[in-house]
Amino acid sequence: MFVACSQASILYQSGITDSKWLLSGDIFSCSLSHPVPHYGVGHFIKEAGEPMKFVLKPNNEKLGPGQVYIISQAPEWSPGIKPETLDILPYPGYGLTVEVGGKVAERMLTSLDRGRQPMVAGTAWEDRREVVEVSLSNINFEPAYNQFRQCLSSLLPVNYDQIARTAALFPSGKVQLTDSIKQRLKLVALYVKHDPTVEYIYIDGHSDNVGSRRDNRELSKERAEKVTAYLLKQGVPVDKIISRYHGDRYPAVSNRTAAGRERNRRVTIRLEKIGK
């Protein structure tokens, strides 16, 4: 066991009277933060469309370079329960954050919810023979965690980076929207509805080079119009939409192969925020 291999340990942990869990969030991101006295702050963060993550931010250099262990252990008043190692991470030191994501972060939350105390442990910056242990207290956790879960339930299914660039592909000669395209456009409309900083949506219709230039231009126009009409139907304001069509003038890839032509039969939807 990592801790047992060292001669001494330095524990950072909030006490019974000063253990705090602080919630902040909206439909774009939820954060549950826990100040650790004399060390820094631990944050459980869930952004729209992204996995859960845990970030431990130190105020200064306490952990030295090497490995850090993410451990779930029982509190002092529940002796006899063995600690569980959740993950082992490389750590460069230099006062950097420790970050874990996905299932490990979720297991840390579950550990707290079950009355255990997750810990980040590693060698000390000033003395490699010492261990630094940063423990998350479960005191006052439950009410904040309930609010955190409510925040999670209100998050949008996607974030801006995931939705800012979308390409809707079409079969050869076709202009009808497929079910998958409609689902994607619904996400675009949902995001735009909730983010007032989105100023414009650029819709650009394209085609492959099969057929005449005139026919391809008309195809790209109809495709762009179909996408525009669907977004308007979903409640996107008309003054936010800028619709254009280009025929086969701007292929994304070469038209020499069937796969390339398939990628070029597209409508691109691009979101632009104010000031960007």
# chains A, B, ... in the order shown; residues from 1 in each chain; ligands from 1
>>> residues_around(residues="Thr17 of chain A", least_positions_apart="4", cutoff="12 Å", atoms="only C-alpha atoms", output="ChimeraX atom specification")
/A:13,37,137,139-140
>>> write_last_selection(atoms="N, CA, C and O atoms", output="PDB file, in the first residue's frame")
ATOM      1  N   GLN A  13      -7.400  18.179   5.485  1.00  0.00           N
ATOM      2  CA  GLN A  13      -8.810  17.796   5.534  1.00  0.00           C
ATOM      3  C   GLN A  13      -9.584  18.819   6.339  1.00  0.00           C
ATOM      4  O   GLN A  13      -9.080  19.360   7.338  1.00  0.00           O
ATOM      5  N   PRO A  37      -8.884  23.128   3.805  1.00  0.00           N
ATOM      6  CA  PRO A  37      -8.063  24.134   4.492  1.00  0.00           C
ATOM      7  C   PRO A  37      -6.564  23.887   4.319  1.00  0.00           C
ATOM      8  O   PRO A  37      -6.091  22.750   4.403  1.00  0.00           O
ATOM      9  N   SER A 137     -13.982  15.503   2.879  1.00  0.00           N
ATOM     10  CA  SER A 137     -14.867  15.164   3.992  1.00  0.00           C
ATOM     11  C   SER A 137     -16.292  14.923   3.493  1.00  0.00           C
ATOM     12  O   SER A 137     -16.801  15.645   2.626  1.00  0.00           O
ATOM     13  N   ILE A 139     -18.801  15.196   5.539  1.00  0.00           N
ATOM     14  CA  ILE A 139     -19.667  15.995   6.412  1.00  0.00           C
ATOM     15  C   ILE A 139     -20.301  17.127   5.601  1.00  0.00           C
ATOM     16  O   ILE A 139     -19.621  17.825   4.845  1.00  0.00           O
ATOM     17  N   ASN A 140     -21.616  17.279   5.726  1.00  0.00           N
ATOM     18  CA  ASN A 140     -22.417  18.275   4.994  1.00  0.00           C
ATOM     19  C   ASN A 140     -22.464  18.012   3.488  1.00  0.00           C
ATOM     20  O   ASN A 140     -22.833  18.904   2.716  1.00  0.00           O
TER      21      ASN A 140
END
>>> select_by_dssp(residues="segment 243-273 of chain A", states="helix (DSSP H, G or I)", output="ChimeraX atom specification")
/A:258-264
>>> write_last_selection(atoms="N, CA, C and O atoms", output="short mmCIF file (atom, residue, chain, number, x, y, z; two decimals), in the first residue's frame")
data_model
loop_
_atom_site.label_atom_id
_atom_site.label_comp_id
_atom_site.auth_asym_id
_atom_site.auth_seq_id
_atom_site.Cartn_x
_atom_site.Cartn_y
_atom_site.Cartn_z
N ALA A 258 -16.55 7.46 -54.47
CA ALA A 258 -17.93 7.49 -53.98
C ALA A 258 -17.98 8.04 -52.55
O ALA A 258 -18.89 8.80 -52.19
N ALA A 259 -16.99 7.66 -51.73
CA ALA A 259 -16.95 8.15 -50.35
C ALA A 259 -16.75 9.66 -50.31
O ALA A 259 -17.35 10.35 -49.48
N GLY A 260 -15.91 10.16 -51.22
CA GLY A 260 -15.69 11.60 -51.27
C GLY A 260 -16.93 12.34 -51.71
O GLY A 260 -17.28 13.38 -51.14
N ARG A 261 -17.61 11.82 -52.73
CA ARG A 261 -18.84 12.47 -53.21
C ARG A 261 -19.91 12.47 -52.11
O ARG A 261 -20.68 13.43 -51.98
N GLU A 262 -19.95 11.40 -51.33
CA GLU A 262 -20.93 11.34 -50.24
C GLU A 262 -20.68 12.44 -49.22
O GLU A 262 -21.63 13.07 -48.72
N ARG A 263 -19.42 12.70 -48.91
CA ARG A 263 -19.09 13.76 -47.94
C ARG A 263 -19.37 15.16 -48.50
O ARG A 263 -19.63 16.10 -47.74
N ASN A 264 -19.35 15.29 -49.81
CA ASN A 264 -19.56 16.61 -50.42
C ASN A 264 -21.04 16.96 -50.60
O ASN A 264 -21.37 18.13 -50.78
#
>>> residues_around(residues="Leu271 of chain A", least_positions_apart="5", cutoff="9 Å", atoms="only C-alpha atoms", output="number ranges by chain")
A: 160, 163-166, 188, 192, 198-202
>>> residues_around(residues="Gly122 of chain A", least_positions_apart="2", cutoff="10 Å", atoms="only C-alpha atoms", output="ChimeraX atom specification")
/A:2-3,9,62-70,88-91,93,119-120,124-125,128,130-134
>>> residues_around(residues="Asn216 of chain A", least_positions_apart="2", cutoff="9 Å", atoms="only C-alpha atoms", output="number ranges by chain")
A: 173, 206-214, 218-221, 246-248
>>> write_last_selection(atoms="N, CA, C and O atoms", output="PDB file, in the first residue's frame")
ATOM      1  N   GLY A 173     -28.676  13.233 -55.271  1.00  0.00           N
ATOM      2  CA  GLY A 173     -29.871  13.779 -55.900  1.00  0.00           C
ATOM      3  C   GLY A 173     -31.026  14.049 -54.950  1.00  0.00           C
ATOM      4  O   GLY A 173     -32.086  14.490 -55.389  1.00  0.00           O
ATOM      5  N   HIS A 206     -24.262  22.410 -50.254  1.00  0.00           N
ATOM      6  CA  HIS A 206     -23.241  21.956 -51.192  1.00  0.00           C
ATOM      7  C   HIS A 206     -23.725  20.703 -51.916  1.00  0.00           C
ATOM      8  O   HIS A 206     -24.671  20.033 -51.493  1.00  0.00           O
ATOM      9  N   SER A 207     -23.043  20.374 -52.999  1.00  0.00           N
ATOM     10  CA  SER A 207     -23.343  19.143 -53.741  1.00  0.00           C
ATOM     11  C   SER A 207     -22.034  18.501 -54.185  1.00  0.00           C
ATOM     12  O   SER A 207     -20.952  19.104 -54.068  1.00  0.00           O
ATOM     13  N   ASP A 208     -22.135  17.277 -54.724  1.00  0.00           N
ATOM     14  CA  ASP A 208     -20.969  16.691 -55.386  1.00  0.00           C
ATOM     15  C   ASP A 208     -20.918  17.225 -56.816  1.00  0.00           C
ATOM     16  O   ASP A 208     -21.665  18.149 -57.176  1.00  0.00           O
ATOM     17  N   ASN A 209     -20.056  16.656 -57.651  1.00  0.00           N
ATOM     18  CA  ASN A 209     -19.917  17.172 -59.021  1.00  0.00           C
ATOM     19  C   ASN A 209     -20.615  16.324 -60.065  1.00  0.00           C
ATOM     20  O   ASN A 209     -20.353  16.453 -61.260  1.00  0.00           O
ATOM     21  N   VAL A 210     -21.520  15.440 -59.608  1.00  0.00           N
ATOM     22  CA  VAL A 210     -22.290  14.634 -60.553  1.00  0.00           C
ATOM     23  C   VAL A 210     -23.443  15.469 -61.100  1.00  0.00           C
ATOM     24  O   VAL A 210     -24.237  16.009 -60.328  1.00  0.00           O
ATOM     25  N   GLY A 211     -23.535  15.576 -62.418  1.00  0.00           N
ATOM     26  CA  GLY A 211     -24.574  16.391 -63.021  1.00  0.00           C
ATOM     27  C   GLY A 211     -24.054  17.758 -63.435  1.00  0.00           C
ATOM     28  O   GLY A 211     -22.866  18.073 -63.287  1.00  0.00           O
ATOM     29  N   SER A 212     -24.971  18.580 -63.929  1.00  0.00           N
ATOM     30  CA  SER A 212     -24.575  19.898 -64.416  1.00  0.00           C
ATOM     31  C   SER A 212     -24.379  20.873 -63.270  1.00  0.00           C
ATOM     32  O   SER A 212     -24.915  20.688 -62.173  1.00  0.00           O
ATOM     33  N   ARG A 213     -23.606  21.926 -63.537  1.00  0.00           N
ATOM     34  CA  ARG A 213     -23.389  22.956 -62.527  1.00  0.00           C
ATOM     35  C   ARG A 213     -24.717  23.585 -62.084  1.00  0.00           C
ATOM     36  O   ARG A 213     -24.918  23.860 -60.893  1.00  0.00           O
ATOM     37  N   ARG A 214     -25.584  23.791 -63.043  1.00  0.00           N
ATOM     38  CA  ARG A 214     -26.876  24.422 -62.742  1.00  0.00           C
ATOM     39  C   ARG A 214     -27.722  23.531 -61.831  1.00  0.00           C
ATOM     40  O   ARG A 214     -28.294  23.996 -60.842  1.00  0.00           O
ATOM     41  N   GLU A 218     -28.899  24.140 -57.831  1.00  0.00           N
ATOM     42  CA  GLU A 218     -30.281  24.059 -57.390  1.00  0.00           C
ATOM     43  C   GLU A 218     -30.443  23.043 -56.258  1.00  0.00           C
ATOM     44  O   GLU A 218     -31.189  23.269 -55.293  1.00  0.00           O
ATOM     45  N   LEU A 219     -29.731  21.905 -56.386  1.00  0.00           N
ATOM     46  CA  LEU A 219     -29.767  20.894 -55.321  1.00  0.00           C
ATOM     47  C   LEU A 219     -29.265  21.473 -54.002  1.00  0.00           C
ATOM     48  O   LEU A 219     -29.883  21.287 -52.945  1.00  0.00           O
ATOM     49  N   SER A 220     -28.151  22.169 -54.067  1.00  0.00           N
ATOM     50  CA  SER A 220     -27.578  22.732 -52.841  1.00  0.00           C
ATOM     51  C   SER A 220     -28.508  23.787 -52.245  1.00  0.00           C
ATOM     52  O   SER A 220     -28.610  23.913 -51.017  1.00  0.00           O
ATOM     53  N   LYS A 221     -29.196  24.513 -53.103  1.00  0.00           N
ATOM     54  CA  LYS A 221     -30.151  25.520 -52.641  1.00  0.00           C
ATOM     55  C   LYS A 221     -31.321  24.856 -51.910  1.00  0.00           C
ATOM     56  O   LYS A 221     -31.712  25.282 -50.815  1.00  0.00           O
ATOM     57  N   HIS A 246     -23.965  26.774 -52.730  1.00  0.00           N
ATOM     58  CA  HIS A 246     -22.745  26.895 -53.521  1.00  0.00           C
ATOM     59  C   HIS A 246     -22.596  25.846 -54.621  1.00  0.00           C
ATOM     60  O   HIS A 246     -21.585  25.865 -55.331  1.00  0.00           O
ATOM     61  N   GLY A 247     -23.550  24.940 -54.759  1.00  0.00           N
ATOM     62  CA  GLY A 247     -23.376  23.892 -55.761  1.00  0.00           C
ATOM     63  C   GLY A 247     -22.166  23.035 -55.449  1.00  0.00           C
ATOM     64  O   GLY A 247     -21.928  22.661 -54.294  1.00  0.00           O
ATOM     65  N   ASP A 248     -21.355  22.749 -56.491  1.00  0.00           N
ATOM     66  CA  ASP A 248     -20.179  21.889 -56.300  1.00  0.00           C
ATOM     67  C   ASP A 248     -18.881  22.700 -56.237  1.00  0.00           C
ATOM     68  O   ASP A 248     -17.794  22.158 -56.414  1.00  0.00           O
TER      69      ASP A 248
END
>>> closest_residue(among="A:Trp21, A:Phe148, A:Phe44, A:Phe141", to="Val98 of chain A", atoms="only C-alpha atoms")
A:Phe44
>>> closest_residue(among="A:Ile10, A:Ala121, A:Ile81, A:Ile45", to="Asp26 of chain A", atoms="only C-alpha atoms")
A:Ile45
>>> closest_residue(among="A:Gln117, A:Ser29, A:Ser172, A:Asn59", to="Lys46 of chain A", atoms="only C-alpha atoms")
A:Ser29
>>> closest_residue(among="A:Arg244, A:Lys57, A:Arg217, A:Arg116", to="Ile269 of chain A", atoms="only C-alpha atoms")
A:Arg244
>>> closest_residue(among="A:Ile203, A:Leu136, A:Ile274, A:Leu231", to="Ser243 of chain A", atoms="only C-alpha atoms")
A:Ile203
>>> closest_residue(among="A:Gln73, A:Asn255, A:Gln147, A:Ser154", to="Gly115 of chain A", atoms="only C-alpha atoms")
A:Gln73
>>> atom_distance(atom1="atom CA of Asn159 of chain A", atom2="atom CA of Ala48 of chain A")
5.1 Å
>>> residues_around(residues="Ser72 of chain A", least_positions_apart="3", cutoff="10 Å", atoms="only C-alpha atoms", output="CSV table (one decimal) with all heavy atoms, in the first residue's frame")
chain,number,residue,atom,x,y,z
A,69,TYR,N,-2.3,8.8,-5.9
A,69,TYR,CA,-3.2,7.7,-5.8
A,69,TYR,C,-4.6,8.3,-5.4
A,69,TYR,O,-4.7,9.2,-4.5
A,69,TYR,CB,-2.8,6.8,-4.7
A,69,TYR,CG,-1.6,5.9,-5.0
A,69,TYR,CD1,-0.3,6.5,-5.3
A,69,TYR,CD2,-1.7,4.5,-5.1
A,69,TYR,CE1,0.8,5.7,-5.6
A,69,TYR,CE2,-0.6,3.7,-5.4
A,69,TYR,CZ,0.6,4.3,-5.7
A,69,TYR,OH,1.7,3.5,-6.0
A,75,PRO,N,-14.2,6.7,7.0
A,75,PRO,CA,-13.8,7.7,8.0
A,75,PRO,C,-13.2,7.1,9.2
A,75,PRO,O,-13.4,5.9,9.5
A,75,PRO,CB,-15.1,8.5,8.2
A,75,PRO,CG,-16.2,7.5,7.9
A,75,PRO,CD,-15.7,6.7,6.8
A,82,LYS,N,-11.3,-1.7,4.8
A,82,LYS,CA,-10.1,-1.5,4.0
A,82,LYS,C,-10.3,-0.3,3.0
A,82,LYS,O,-11.3,-0.2,2.4
A,82,LYS,CB,-9.7,-2.8,3.3
A,82,LYS,CG,-9.2,-3.9,4.2
A,82,LYS,CD,-8.8,-5.1,3.4
A,82,LYS,CE,-8.3,-6.2,4.3
A,82,LYS,NZ,-7.9,-7.4,3.6
A,83,PRO,N,-9.2,0.5,2.8
A,83,PRO,CA,-9.3,1.5,1.7
A,83,PRO,C,-9.3,0.8,0.3
A,83,PRO,O,-8.8,-0.3,0.2
A,83,PRO,CB,-8.1,2.3,1.9
A,83,PRO,CG,-7.1,1.4,2.7
A,83,PRO,CD,-8.0,0.5,3.5
A,84,GLU,N,-9.8,1.5,-0.7
A,84,GLU,CA,-9.8,1.0,-2.0
A,84,GLU,C,-9.2,2.0,-3.0
A,84,GLU,O,-9.5,3.2,-3.0
A,84,GLU,CB,-11.3,0.8,-2.5
A,84,GLU,CG,-11.5,0.3,-3.9
A,84,GLU,CD,-12.9,0.3,-4.4
A,84,GLU,OE1,-13.8,0.7,-3.6
A,84,GLU,OE2,-13.2,-0.1,-5.5
A,85,THR,N,-8.2,1.5,-3.8
A,85,THR,CA,-7.5,2.4,-4.7
A,85,THR,C,-8.4,2.5,-6.0
A,85,THR,O,-8.7,1.5,-6.6
A,85,THR,CB,-6.1,1.8,-5.1
A,85,THR,OG1,-5.4,1.8,-3.9
A,85,THR,CG2,-5.5,2.7,-6.1
A,86,LEU,N,-8.8,3.7,-6.3
A,86,LEU,CA,-9.7,3.9,-7.5
A,86,LEU,C,-8.9,4.2,-8.8
A,86,LEU,O,-9.3,3.9,-9.9
A,86,LEU,CB,-10.6,5.1,-7.2
A,86,LEU,CG,-11.5,5.0,-6.0
A,86,LEU,CD1,-12.4,6.2,-5.9
A,86,LEU,CD2,-12.3,3.7,-6.0
A,87,ASP,N,-7.7,4.8,-8.6
A,87,ASP,CA,-6.9,5.1,-9.8
A,87,ASP,C,-5.5,5.5,-9.3
A,87,ASP,O,-5.3,5.9,-8.2
A,87,ASP,CB,-7.5,6.2,-10.6
A,87,ASP,CG,-7.1,6.2,-12.1
A,87,ASP,OD1,-6.3,5.4,-12.4
A,87,ASP,OD2,-7.5,7.1,-12.8
A,107,ARG,N,-17.1,7.4,-9.2
A,107,ARG,CA,-16.9,6.6,-8.1
A,107,ARG,C,-16.5,7.4,-6.8
A,107,ARG,O,-16.9,7.0,-5.7
A,107,ARG,CB,-15.9,5.5,-8.4
A,107,ARG,CG,-16.3,4.5,-9.4
A,107,ARG,CD,-15.2,3.5,-9.7
A,107,ARG,NE,-14.9,2.7,-8.6
A,107,ARG,CZ,-13.8,1.8,-8.6
A,107,ARG,NH1,-13.0,1.7,-9.6
A,107,ARG,NH2,-13.6,1.1,-7.5
A,108,MET,N,-15.8,8.4,-7.0
A,108,MET,CA,-15.5,9.3,-5.9
A,108,MET,C,-16.8,9.9,-5.3
A,108,MET,O,-17.0,10.0,-4.1
A,108,MET,CB,-14.6,10.4,-6.3
A,108,MET,CG,-13.2,9.9,-6.7
A,108,MET,SD,-12.1,11.3,-7.3
A,108,MET,CE,-11.8,12.2,-5.8
A,110,THR,N,-19.8,8.6,-5.6
A,110,THR,CA,-20.6,7.5,-4.9
A,110,THR,C,-20.0,7.2,-3.6
A,110,THR,O,-20.7,6.9,-2.6
A,110,THR,CB,-20.5,6.3,-5.9
A,110,THR,OG1,-21.1,6.6,-7.1
A,110,THR,CG2,-21.3,5.1,-5.2
A,111,SER,N,-18.6,7.2,-3.5
A,111,SER,CA,-17.9,6.9,-2.2
A,111,SER,C,-18.4,7.9,-1.2
A,111,SER,O,-18.7,7.6,0.0
A,111,SER,CB,-16.4,7.0,-2.5
A,111,SER,OG,-15.7,6.9,-1.3
A,112,LEU,N,-18.4,9.2,-1.5
A,112,LEU,CA,-18.9,10.2,-0.6
A,112,LEU,C,-20.3,10.0,-0.2
A,112,LEU,O,-20.7,10.1,1.0
A,112,LEU,CB,-18.7,11.6,-1.2
A,112,LEU,CG,-17.3,12.2,-1.2
A,112,LEU,CD1,-17.2,13.3,-2.2
A,112,LEU,CD2,-16.9,12.7,0.2
A,116,ARG,N,-18.1,7.4,2.8
A,116,ARG,CA,-16.6,7.2,2.7
A,116,ARG,C,-16.0,8.5,2.4
A,116,ARG,O,-16.7,9.5,2.1
A,116,ARG,CB,-16.3,6.1,1.7
A,116,ARG,CG,-16.7,4.7,2.1
A,116,ARG,CD,-16.5,3.7,1.0
A,116,ARG,NE,-15.1,3.4,0.8
A,116,ARG,CZ,-14.4,2.5,1.5
A,116,ARG,NH1,-15.0,1.7,2.4
A,116,ARG,NH2,-13.1,2.3,1.2
A,117,GLN,N,-14.6,8.6,2.4
A,117,GLN,CA,-13.9,9.8,2.1
A,117,GLN,C,-12.8,9.6,1.1
A,117,GLN,O,-11.8,8.9,1.4
A,117,GLN,CB,-13.3,10.3,3.4
A,117,GLN,CG,-14.3,10.7,4.5
A,117,GLN,CD,-13.7,11.2,5.8
A,117,GLN,OE1,-12.5,10.9,6.1
A,117,GLN,NE2,-14.4,12.1,6.5
A,118,PRO,N,-13.1,10.1,-0.1
A,118,PRO,CA,-12.0,10.0,-1.2
A,118,PRO,C,-10.8,10.8,-0.8
A,118,PRO,O,-10.9,11.8,-0.1
A,118,PRO,CB,-12.7,10.5,-2.4
A,118,PRO,CG,-14.2,10.6,-2.1
A,118,PRO,CD,-14.3,10.7,-0.6
A,119,MET,N,-9.6,10.3,-1.2
A,119,MET,CA,-8.4,10.9,-0.9
A,119,MET,C,-7.5,10.9,-2.1
A,119,MET,O,-7.4,10.0,-2.9
A,119,MET,CB,-7.7,10.2,0.3
A,119,MET,CG,-6.3,10.6,0.6
A,119,MET,SD,-5.5,9.5,1.8
A,119,MET,CE,-6.4,9.9,3.2
A,120,VAL,N,-6.7,12.0,-2.2
A,120,VAL,CA,-5.6,12.1,-3.2
A,120,VAL,C,-4.3,12.1,-2.4
A,120,VAL,O,-4.1,12.9,-1.5
A,120,VAL,CB,-5.7,13.4,-4.0
A,120,VAL,CG1,-4.5,13.5,-5.0
A,120,VAL,CG2,-7.0,13.4,-4.8
A,135,SER,N,-7.8,14.8,1.8
A,135,SER,CA,-9.0,14.0,2.0
A,135,SER,C,-10.3,14.9,1.8
A,135,SER,O,-10.3,16.1,2.3
A,135,SER,CB,-9.0,13.4,3.4
A,135,SER,OG,-10.2,12.6,3.6
A,136,LEU,N,-11.3,14.3,1.2
A,136,LEU,CA,-12.6,15.0,1.0
A,136,LEU,C,-13.5,14.6,2.1
A,136,LEU,O,-13.8,13.4,2.2
A,136,LEU,CB,-13.2,14.8,-0.4
A,136,LEU,CG,-12.3,15.0,-1.6
A,136,LEU,CD1,-13.0,14.7,-2.9
A,136,LEU,CD2,-11.7,16.4,-1.6
>>> residues_around(residues="Ser180 of chain A", least_positions_apart="2", cutoff="12 Å", atoms="only C-alpha atoms", output="VMD selection string")
chain A and resid 166 to 170 176 to 178 182 to 187
>>> select_by_dssp(residues="segment 82-211 of chain A", states="strand (DSSP E)", output="mmCIF file with N, CA and C atoms, in the first residue's frame")
data_model
loop_
_atom_site.group_PDB
_atom_site.id
_atom_site.type_symbol
_atom_site.label_atom_id
_atom_site.label_comp_id
_atom_site.auth_asym_id
_atom_site.auth_seq_id
_atom_site.Cartn_x
_atom_site.Cartn_y
_atom_site.Cartn_z
ATOM 1 N N GLU A 84 -9.798 1.508 -0.669
ATOM 2 C CA GLU A 84 -9.847 1.002 -2.044
ATOM 3 C C GLU A 84 -9.159 2.006 -2.973
ATOM 4 N N THR A 85 -8.211 1.519 -3.755
ATOM 5 C CA THR A 85 -7.538 2.385 -4.727
ATOM 6 C C THR A 85 -8.393 2.487 -5.987
ATOM 7 N N LEU A 86 -8.806 3.699 -6.320
ATOM 8 C CA LEU A 86 -9.659 3.926 -7.484
ATOM 9 C C LEU A 86 -8.860 4.183 -8.761
ATOM 10 N N ASP A 87 -7.681 4.803 -8.608
ATOM 11 C CA ASP A 87 -6.865 5.107 -9.782
ATOM 12 C C ASP A 87 -5.459 5.515 -9.323
ATOM 13 N N ILE A 88 -4.498 5.376 -10.238
ATOM 14 C CA ILE A 88 -3.126 5.822 -10.017
ATOM 15 C C ILE A 88 -2.728 6.658 -11.231
ATOM 16 N N LEU A 89 -2.272 7.885 -10.975
ATOM 17 C CA LEU A 89 -1.992 8.822 -12.059
ATOM 18 C C LEU A 89 -0.570 9.352 -11.969
ATOM 19 N N PRO A 90 0.056 9.616 -13.116
ATOM 20 C CA PRO A 90 1.337 10.337 -13.086
ATOM 21 C C PRO A 90 1.090 11.795 -12.729
ATOM 22 N N TYR A 91 2.022 12.385 -11.994
ATOM 23 C CA TYR A 91 1.858 13.772 -11.574
ATOM 24 C C TYR A 91 3.203 14.486 -11.683
ATOM 25 N N VAL A 98 -4.599 18.195 -10.029
ATOM 26 C CA VAL A 98 -4.814 16.763 -10.242
ATOM 27 C C VAL A 98 -6.209 16.615 -10.821
ATOM 28 N N GLU A 99 -6.320 15.942 -11.950
ATOM 29 C CA GLU A 99 -7.621 15.819 -12.605
ATOM 30 C C GLU A 99 -7.899 14.364 -12.971
ATOM 31 N N VAL A 100 -9.073 13.894 -12.603
ATOM 32 C CA VAL A 100 -9.531 12.564 -13.008
ATOM 33 C C VAL A 100 -10.924 12.716 -13.607
ATOM 34 N N GLY A 101 -11.236 11.852 -14.547
ATOM 35 C CA GLY A 101 -12.514 12.004 -15.235
ATOM 36 C C GLY A 101 -13.300 10.713 -15.313
ATOM 37 N N GLN A 117 -14.647 8.551 2.386
ATOM 38 C CA GLN A 117 -13.916 9.793 2.145
ATOM 39 C C GLN A 117 -12.848 9.560 1.078
ATOM 40 N N PRO A 118 -13.068 10.068 -0.129
ATOM 41 C CA PRO A 118 -12.030 9.951 -1.169
ATOM 42 C C PRO A 118 -10.800 10.762 -0.779
ATOM 43 N N MET A 119 -9.647 10.279 -1.213
ATOM 44 C CA MET A 119 -8.393 10.931 -0.869
ATOM 45 C C MET A 119 -7.476 10.947 -2.081
ATOM 46 N N VAL A 120 -6.723 12.024 -2.223
ATOM 47 C CA VAL A 120 -5.640 12.105 -3.200
ATOM 48 C C VAL A 120 -4.336 12.060 -2.407
ATOM 49 N N ALA A 121 -3.470 11.105 -2.721
ATOM 50 C CA ALA A 121 -2.243 10.932 -1.952
ATOM 51 C C ALA A 121 -1.038 10.846 -2.881
ATOM 52 N N GLY A 122 0.047 11.467 -2.450
ATOM 53 C CA GLY A 122 1.288 11.418 -3.208
ATOM 54 C C GLY A 122 2.454 11.840 -2.327
ATOM 55 N N THR A 123 3.647 11.811 -2.865
ATOM 56 C CA THR A 123 4.820 12.202 -2.085
ATOM 57 C C THR A 123 4.882 13.722 -1.940
ATOM 58 N N ALA A 124 5.460 14.144 -0.833
ATOM 59 C CA ALA A 124 5.531 15.575 -0.528
ATOM 60 C C ALA A 124 6.557 16.281 -1.409
ATOM 61 N N GLU A 130 8.005 11.810 2.881
ATOM 62 C CA GLU A 130 6.696 12.082 3.468
ATOM 63 C C GLU A 130 5.589 11.920 2.421
ATOM 64 N N VAL A 131 4.418 11.645 2.912
ATOM 65 C CA VAL A 131 3.223 11.502 2.079
ATOM 66 C C VAL A 131 2.292 12.685 2.331
ATOM 67 N N VAL A 132 1.780 13.247 1.268
ATOM 68 C CA VAL A 132 0.726 14.258 1.374
ATOM 69 C C VAL A 132 -0.607 13.587 1.078
ATOM 70 N N GLU A 133 -1.548 13.727 1.999
ATOM 71 C CA GLU A 133 -2.887 13.157 1.837
ATOM 72 C C GLU A 133 -3.903 14.293 1.852
ATOM 73 N N VAL A 134 -4.699 14.372 0.798
ATOM 74 C CA VAL A 134 -5.749 15.393 0.702
ATOM 75 C C VAL A 134 -7.085 14.664 0.713
ATOM 76 N N SER A 135 -7.805 14.782 1.796
ATOM 77 C CA SER A 135 -9.033 14.011 1.991
ATOM 78 C C SER A 135 -10.261 14.896 1.815
ATOM 79 N N ARG A 165 -20.319 23.189 -35.053
ATOM 80 C CA ARG A 165 -20.078 22.775 -36.442
ATOM 81 C C ARG A 165 -20.813 21.464 -36.700
ATOM 82 N N THR A 166 -21.742 21.480 -37.629
ATOM 83 C CA THR A 166 -22.519 20.295 -37.963
ATOM 84 C C THR A 166 -22.589 20.148 -39.472
ATOM 85 N N ALA A 167 -22.459 18.918 -39.960
ATOM 86 C CA ALA A 167 -22.604 18.639 -41.388
ATOM 87 C C ALA A 167 -23.729 17.627 -41.582
ATOM 88 N N ALA A 168 -24.734 18.002 -42.350
ATOM 89 C CA ALA A 168 -25.836 17.111 -42.687
ATOM 90 C C ALA A 168 -25.593 16.549 -44.085
ATOM 91 N N LEU A 169 -25.469 15.220 -44.185
ATOM 92 C CA LEU A 169 -25.169 14.574 -45.464
ATOM 93 C C LEU A 169 -26.452 14.097 -46.138
ATOM 94 N N VAL A 198 -25.285 33.258 -29.005
ATOM 95 C CA VAL A 198 -25.222 32.812 -30.405
ATOM 96 C C VAL A 198 -25.902 33.870 -31.265
ATOM 97 N N GLU A 199 -25.101 34.521 -32.096
ATOM 98 C CA GLU A 199 -25.627 35.641 -32.893
ATOM 99 C C GLU A 199 -26.170 35.183 -34.233
ATOM 100 N N TYR A 200 -25.458 34.290 -34.909
ATOM 101 C CA TYR A 200 -25.871 33.849 -36.241
ATOM 102 C C TYR A 200 -25.701 32.346 -36.404
ATOM 103 N N ILE A 201 -26.510 31.787 -37.280
ATOM 104 C CA ILE A 201 -26.348 30.404 -37.732
ATOM 105 C C ILE A 201 -26.153 30.454 -39.237
ATOM 106 N N TYR A 202 -24.981 30.049 -39.690
ATOM 107 C CA TYR A 202 -24.684 30.029 -41.113
ATOM 108 C C TYR A 202 -25.021 28.647 -41.682
ATOM 109 N N ILE A 203 -25.871 28.635 -42.684
ATOM 110 C CA ILE A 203 -26.277 27.394 -43.340
ATOM 111 C C ILE A 203 -25.790 27.433 -44.782
ATOM 112 N N ASP A 204 -24.916 26.493 -45.140
ATOM 113 C CA ASP A 204 -24.317 26.471 -46.475
ATOM 114 C C ASP A 204 -24.597 25.143 -47.162
ATOM 115 N N GLY A 205 -25.305 25.220 -48.281
ATOM 116 C CA GLY A 205 -25.630 24.022 -49.043
ATOM 117 C C GLY A 205 -24.575 23.708 -50.086
#
